[in-house]
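Peer 1: Here you go, one structure.
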Amino acid sequence: MKIFLRDHMSFVLLYLFNMFFLFIFYIKLGGFETLENISYFVFLSNFLLGVFLLYRYLSYKRLYDKLSNMPSKLEDTLSSAGDAPVAEGVNRLLRVQYSLFQEQIQMYKRKQAEHLTFIHQWVHQMKTPISVIHLILQENEGELYIENIAQEIERISRGLNMAMNMARLDSFQQDFTVETILLHTVVSEVINEQKRYFIRKKVYPEVKVDLNMSVKSDRKWLKLILEQLLVNAIKYTEGENKKVIVSAYKNEKGKVLDVKDQGVGIPKKDIRRVFEPFYTGENGRRFGESTGMGLYLVSEVCKKLEHKIEIESKPEEGTSVRIIFAD
């Protein structure tokens, strides 16, 4: 109704001005002899104005309702605005815009699908020479340079896996299976996979997980989460004989998987942004190995699995990241 009044305000003012002008002009000519004639003139003029405005309002009511109530989803824009000429023009305009928008979306989807296909093929192609290099390293084990090459190969492998997993996020719904998982088994597997990194950094894992504690999750994605948390914990732990403690317990929020390190911690100014993509913060610049994508990937996977994630940290004391599994 407000849009209708604003739309017709200039017309109403013009009409009233015109009626006033004719009224004065007619009086000057002596056209009104009695008060009844004047009242009849005013009543008839206002009545005709009211009928016209009512007709206009009813004819364009659906259009004004459409303009007043913003759509909640894209398809709502295609609802009819009425049969009046202007309303039909608005309908045509919205249909054309919707069609163009859908064409743009399909074009971007095709480009995204091509990009994901390229990433998948590239990662798989890169893994072949890495496997060959691993075999060469095994054959020359004991040489002075072998350990350095092995470290760099591990970094490349982690980067490739992260690229692959980032690409898979868009098709997450087709790439996960919820099952009952024993936490101790998963934790042991991931720690065993990272044993070379633990040994090289002289950091020791400590597991405090009940053998029978289980959660509902996807095994592959849960291992990815734990692997990323352990890699971060090891990477940002300086000094010898430090520990990374992996524990599991139950509280009022649900079952909790806690990865706690004794590392450098995260500055207060960075803690709120650690889950943002490509944010490396002070520690990332200090250590020089951070991509800013690890915790972002963990956060996104947790959202899709409907797990909660919490983080606490004290500079120079360590960081604790908790994954909460709802009951």
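Residues are named by chain letter and number: chains run A, B, ... in the order of the structure tokens, numbers start at 1 in each chain, and ligands are numbered from 1 in the order shown.
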Please extract the residues of region 10-242 of chain A with a backbone DSSP assignment of helix (DSSP H, G or I) and present them as a PyMOL selection string.

Peer 2: chain A and resi 10-28+35-59+61-68+74-78+85-139+146-174+183-193+195-201+219-235

Peer 1: Set the distance at 8 Å and use only C-alpha atoms: which residues neighbour Ile191 (chain A) once local chain neighbours fewer than 4 positions away are removed? I'd like the list as a ChimeraX atom specification.

Peer 2: /A:187,195,205,227,230

Peer 1: Go through A:Lys308, A:Arg196, A:Lys314, A:Lys216 and flag the residue nearest Phe176 (chain A), using only C-alpha atoms for the distances.

Peer 2: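 Closest to Phe176 (chain A), using only C-alpha atoms: A:Lys216.
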
Peer 1: Kindly assemble as a Markdown table a list of the region 103-185 of chain A residues that lie within 12 Å of region 251-261 of chain A, each paired with its nearest atom pair and their distance in Å to one decimal, using only C-alpha atoms, sorted first by chain and then by ascending residue number.

Peer 2:
```
| residue | atom | partner | partner_atom | distance |
| --- | --- | --- | --- | --- |
| A:Leu182 | CA | A:Leu257 | CA | 11.7 |
| A:Leu183 | CA | A:Leu257 | CA | 8.3 |
| A:His184 | CA | A:Leu257 | CA | 10.2 |
```

Peer 1: Compile the contact shell of region 46-55 of chain A as a ChimeraX atom specification: residues with an atom at most 9 Å away, counting only C-alpha atoms, same-chain residues fewer than 2 positions apart removed.

Peer 2: /A:8,12,15-16,41-44,57-60

Peer 1: Can you spit out the residues from that selection as an mmCIF file, in the first residue's frame, using N, CA and C atoms?

Peer 2:
```cif
data_model
loop_
_atom_site.group_PDB
_atom_site.id
_atom_site.type_symbol
_atom_site.label_atom_id
_atom_site.label_comp_id
_atom_site.auth_asym_id
_atom_site.auth_seq_id
_atom_site.Cartn_x
_atom_site.Cartn_y
_atom_site.Cartn_z
ATOM 1 N N HIS A 8 1.450 7.083 -6.672
ATOM 2 C CA HIS A 8 0.356 7.905 -7.187
ATOM 3 C C HIS A 8 0.261 9.273 -6.511
ATOM 4 N N VAL A 12 -2.167 12.406 -7.603
ATOM 5 C CA VAL A 12 -3.209 12.954 -6.715
ATOM 6 C C VAL A 12 -3.011 14.453 -6.522
ATOM 7 N N TYR A 15 -4.065 16.225 -9.615
ATOM 8 C CA TYR A 15 -5.524 16.208 -9.727
ATOM 9 C C TYR A 15 -6.143 17.249 -8.788
ATOM 10 N N LEU A 16 -5.675 17.320 -7.544
ATOM 11 C CA LEU A 16 -6.219 18.285 -6.584
ATOM 12 C C LEU A 16 -5.932 19.717 -7.024
ATOM 13 N N PHE A 41 -20.017 19.575 -6.699
ATOM 14 C CA PHE A 41 -18.798 19.590 -7.519
ATOM 15 C C PHE A 41 -17.639 18.916 -6.789
ATOM 16 N N VAL A 42 -17.473 19.264 -5.511
ATOM 17 C CA VAL A 42 -16.377 18.689 -4.722
ATOM 18 C C VAL A 42 -16.587 17.193 -4.533
ATOM 19 N N PHE A 43 -17.811 16.789 -4.190
ATOM 20 C CA PHE A 43 -18.095 15.373 -3.956
ATOM 21 C C PHE A 43 -17.863 14.544 -5.217
ATOM 22 N N LEU A 44 -18.378 15.038 -6.358
ATOM 23 C CA LEU A 44 -18.255 14.289 -7.597
ATOM 24 C C LEU A 44 -16.788 14.153 -8.014
ATOM 25 N N TYR A 57 -5.461 0.474 -7.847
ATOM 26 C CA TYR A 57 -4.896 -0.337 -6.763
ATOM 27 C C TYR A 57 -5.237 -1.818 -6.947
ATOM 28 N N LEU A 58 -6.512 -2.098 -7.256
ATOM 29 C CA LEU A 58 -6.932 -3.491 -7.451
ATOM 30 C C LEU A 58 -6.268 -4.107 -8.672
ATOM 31 N N SER A 59 -6.060 -3.322 -9.726
ATOM 32 C CA SER A 59 -5.436 -3.841 -10.942
ATOM 33 C C SER A 59 -3.963 -4.195 -10.718
ATOM 34 N N TYR A 60 -3.305 -3.415 -9.867
ATOM 35 C CA TYR A 60 -1.867 -3.604 -9.669
ATOM 36 C C TYR A 60 -1.534 -4.132 -8.272
#
```

Peer 1: Using only C-alpha atoms for the distances, tell me which of A:Gln104, A:Trp122, A:Gly294, A:Gly265 is nearest to Glu282 (chain A).

Peer 2: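 Using only C-alpha atoms, the shortest distance to Glu282 (chain A) belongs to A:Gly265.
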
Peer 1: Go through A:Ser320, A:Thr180, A:Ser72, A:Thr237 one by one, measure the shortest atom-to-atom distance of each to Asp218 (chain A) using only C-alpha atoms, and give the residue with the smallest value.

Peer 2: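 Closest to Asp218 (chain A) of all the choices is A:Thr180.
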
Peer 1: Rounded to one decimal place, report the CA of Ile24 (chain A)-CA of Ser39 (chain A) distance in Å.

Peer 2: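 CA of Ile24 (chain A) sits 13.8 Å away from CA of Ser39 (chain A).
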
Peer 1: For Lys242 (chain A), which residue out of A:Val274, A:Met166, A:Ile199, A:Ile266 is the nearest one, using only C-alpha atoms?

Peer 2: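 Smallest separation from Lys242 (chain A) among the options: A:Ile199.
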
Peer 1: Considering only C-alpha atoms, return as an NGL selection string whatever protein or nucleic-acid residues lie within 12 Å of Val178 (chain A), sequence-local ones (same chain, fewer than 4 positions apart) excluded.

Peer 2: :A and (173-174 or 215-222 or 304-306)

Peer 1: With N, CA, C and O atoms retained, export the selected residues as a PDB file, in the first residue's frame.

Peer 2:
```
ATOM      1  N   GLN A 173      28.571 -34.702  -0.317  1.00  0.00           N
ATOM      2  CA  GLN A 173      27.393 -35.537  -0.085  1.00  0.00           C
ATOM      3  C   GLN A 173      27.516 -36.902  -0.756  1.00  0.00           C
ATOM      4  O   GLN A 173      26.910 -37.876  -0.304  1.00  0.00           O
ATOM      5  N   GLN A 174      28.264 -36.990  -1.849  1.00  0.00           N
ATOM      6  CA  GLN A 174      28.434 -38.268  -2.547  1.00  0.00           C
ATOM      7  C   GLN A 174      29.692 -39.012  -2.092  1.00  0.00           C
ATOM      8  O   GLN A 174      30.019 -40.077  -2.628  1.00  0.00           O
ATOM      9  N   VAL A 215      32.176 -43.376  18.094  1.00  0.00           N
ATOM     10  CA  VAL A 215      31.408 -42.209  17.658  1.00  0.00           C
ATOM     11  C   VAL A 215      30.806 -42.515  16.289  1.00  0.00           C
ATOM     12  O   VAL A 215      31.235 -43.444  15.594  1.00  0.00           O
ATOM     13  N   LYS A 216      29.816 -41.713  15.918  1.00  0.00           N
ATOM     14  CA  LYS A 216      29.224 -41.806  14.583  1.00  0.00           C
ATOM     15  C   LYS A 216      29.875 -40.755  13.688  1.00  0.00           C
ATOM     16  O   LYS A 216      29.786 -39.560  13.948  1.00  0.00           O
ATOM     17  N   SER A 217      30.541 -41.214  12.634  1.00  0.00           N
ATOM     18  CA  SER A 217      31.200 -40.279  11.723  1.00  0.00           C
ATOM     19  C   SER A 217      31.597 -41.025  10.451  1.00  0.00           C
ATOM     20  O   SER A 217      31.281 -42.202  10.282  1.00  0.00           O
ATOM     21  N   ASP A 218      32.272 -40.317   9.556  1.00  0.00           N
ATOM     22  CA  ASP A 218      32.839 -40.928   8.363  1.00  0.00           C
ATOM     23  C   ASP A 218      34.307 -41.203   8.638  1.00  0.00           C
ATOM     24  O   ASP A 218      35.074 -40.290   9.011  1.00  0.00           O
ATOM     25  N   ARG A 219      34.738 -42.429   8.453  1.00  0.00           N
ATOM     26  CA  ARG A 219      36.088 -42.832   8.832  1.00  0.00           C
ATOM     27  C   ARG A 219      37.168 -42.051   8.074  1.00  0.00           C
ATOM     28  O   ARG A 219      38.128 -41.550   8.662  1.00  0.00           O
ATOM     29  N   LYS A 220      36.990 -41.954   6.757  1.00  0.00           N
ATOM     30  CA  LYS A 220      38.012 -41.290   5.935  1.00  0.00           C
ATOM     31  C   LYS A 220      38.151 -39.821   6.316  1.00  0.00           C
ATOM     32  O   LYS A 220      39.267 -39.309   6.504  1.00  0.00           O
ATOM     33  N   TRP A 221      37.024 -39.117   6.442  1.00  0.00           N
ATOM     34  CA  TRP A 221      37.074 -37.691   6.753  1.00  0.00           C
ATOM     35  C   TRP A 221      37.526 -37.453   8.188  1.00  0.00           C
ATOM     36  O   TRP A 221      38.202 -36.457   8.480  1.00  0.00           O
ATOM     37  N   LEU A 222      37.163 -38.352   9.104  1.00  0.00           N
ATOM     38  CA  LEU A 222      37.622 -38.205  10.486  1.00  0.00           C
ATOM     39  C   LEU A 222      39.132 -38.373  10.564  1.00  0.00           C
ATOM     40  O   LEU A 222      39.817 -37.650  11.307  1.00  0.00           O
ATOM     41  N   LYS A 304      30.130 -30.172   7.726  1.00  0.00           N
ATOM     42  CA  LYS A 304      29.400 -31.103   6.868  1.00  0.00           C
ATOM     43  C   LYS A 304      29.070 -32.398   7.602  1.00  0.00           C
ATOM     44  O   LYS A 304      28.060 -33.042   7.312  1.00  0.00           O
ATOM     45  N   LEU A 305      29.927 -32.801   8.532  1.00  0.00           N
ATOM     46  CA  LEU A 305      29.657 -33.996   9.337  1.00  0.00           C
ATOM     47  C   LEU A 305      28.802 -33.688  10.563  1.00  0.00           C
ATOM     48  O   LEU A 305      28.478 -34.600  11.335  1.00  0.00           O
ATOM     49  N   GLU A 306      28.488 -32.401  10.755  1.00  0.00           N
ATOM     50  CA  GLU A 306      27.694 -31.931  11.893  1.00  0.00           C
ATOM     51  C   GLU A 306      28.411 -32.200  13.217  1.00  0.00           C
ATOM     52  O   GLU A 306      27.791 -32.525  14.229  1.00  0.00           O
TER      53      GLU A 306
END
```

Peer 1: DSSP on the backbone: what in region 196-280 of chain A comes out strand (DSSP E), as a list in words?

Peer 2: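 Matching residues for strand (DSSP E) in region 196-280 of chain A are Val203, Tyr204, Pro205, Glu206, Val207, Lys208, Ser214, Val215, Lys216, Ser217, Lys242, Lys243, Val244, Ile245, Val246, Ser247, Ala248, Tyr249, Lys250, Asn251, Gly254, Lys255, Val256, Leu257, Asp258, Val259, Lys260 and Asp261 of chain A.
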
Peer 1: So, with only C-alpha atoms as the atoms that count, which of A:Arg56, A:Arg110, A:Arg168, A:Arg272 lies closest to Leu297 (chain A)?

Peer 2: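 Comparing A:Arg56, A:Arg110, A:Arg168, A:Arg272 against Leu297 (chain A), the winner is A:Arg168.
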
Peer 1: Residues near His134 (chain A), anyone? I mean within 9 Å using only C-alpha atoms, not counting same-chain ones fewer than 5 positions away, as a ChimeraX atom specification.

Peer 2: /A:129,139,150,153
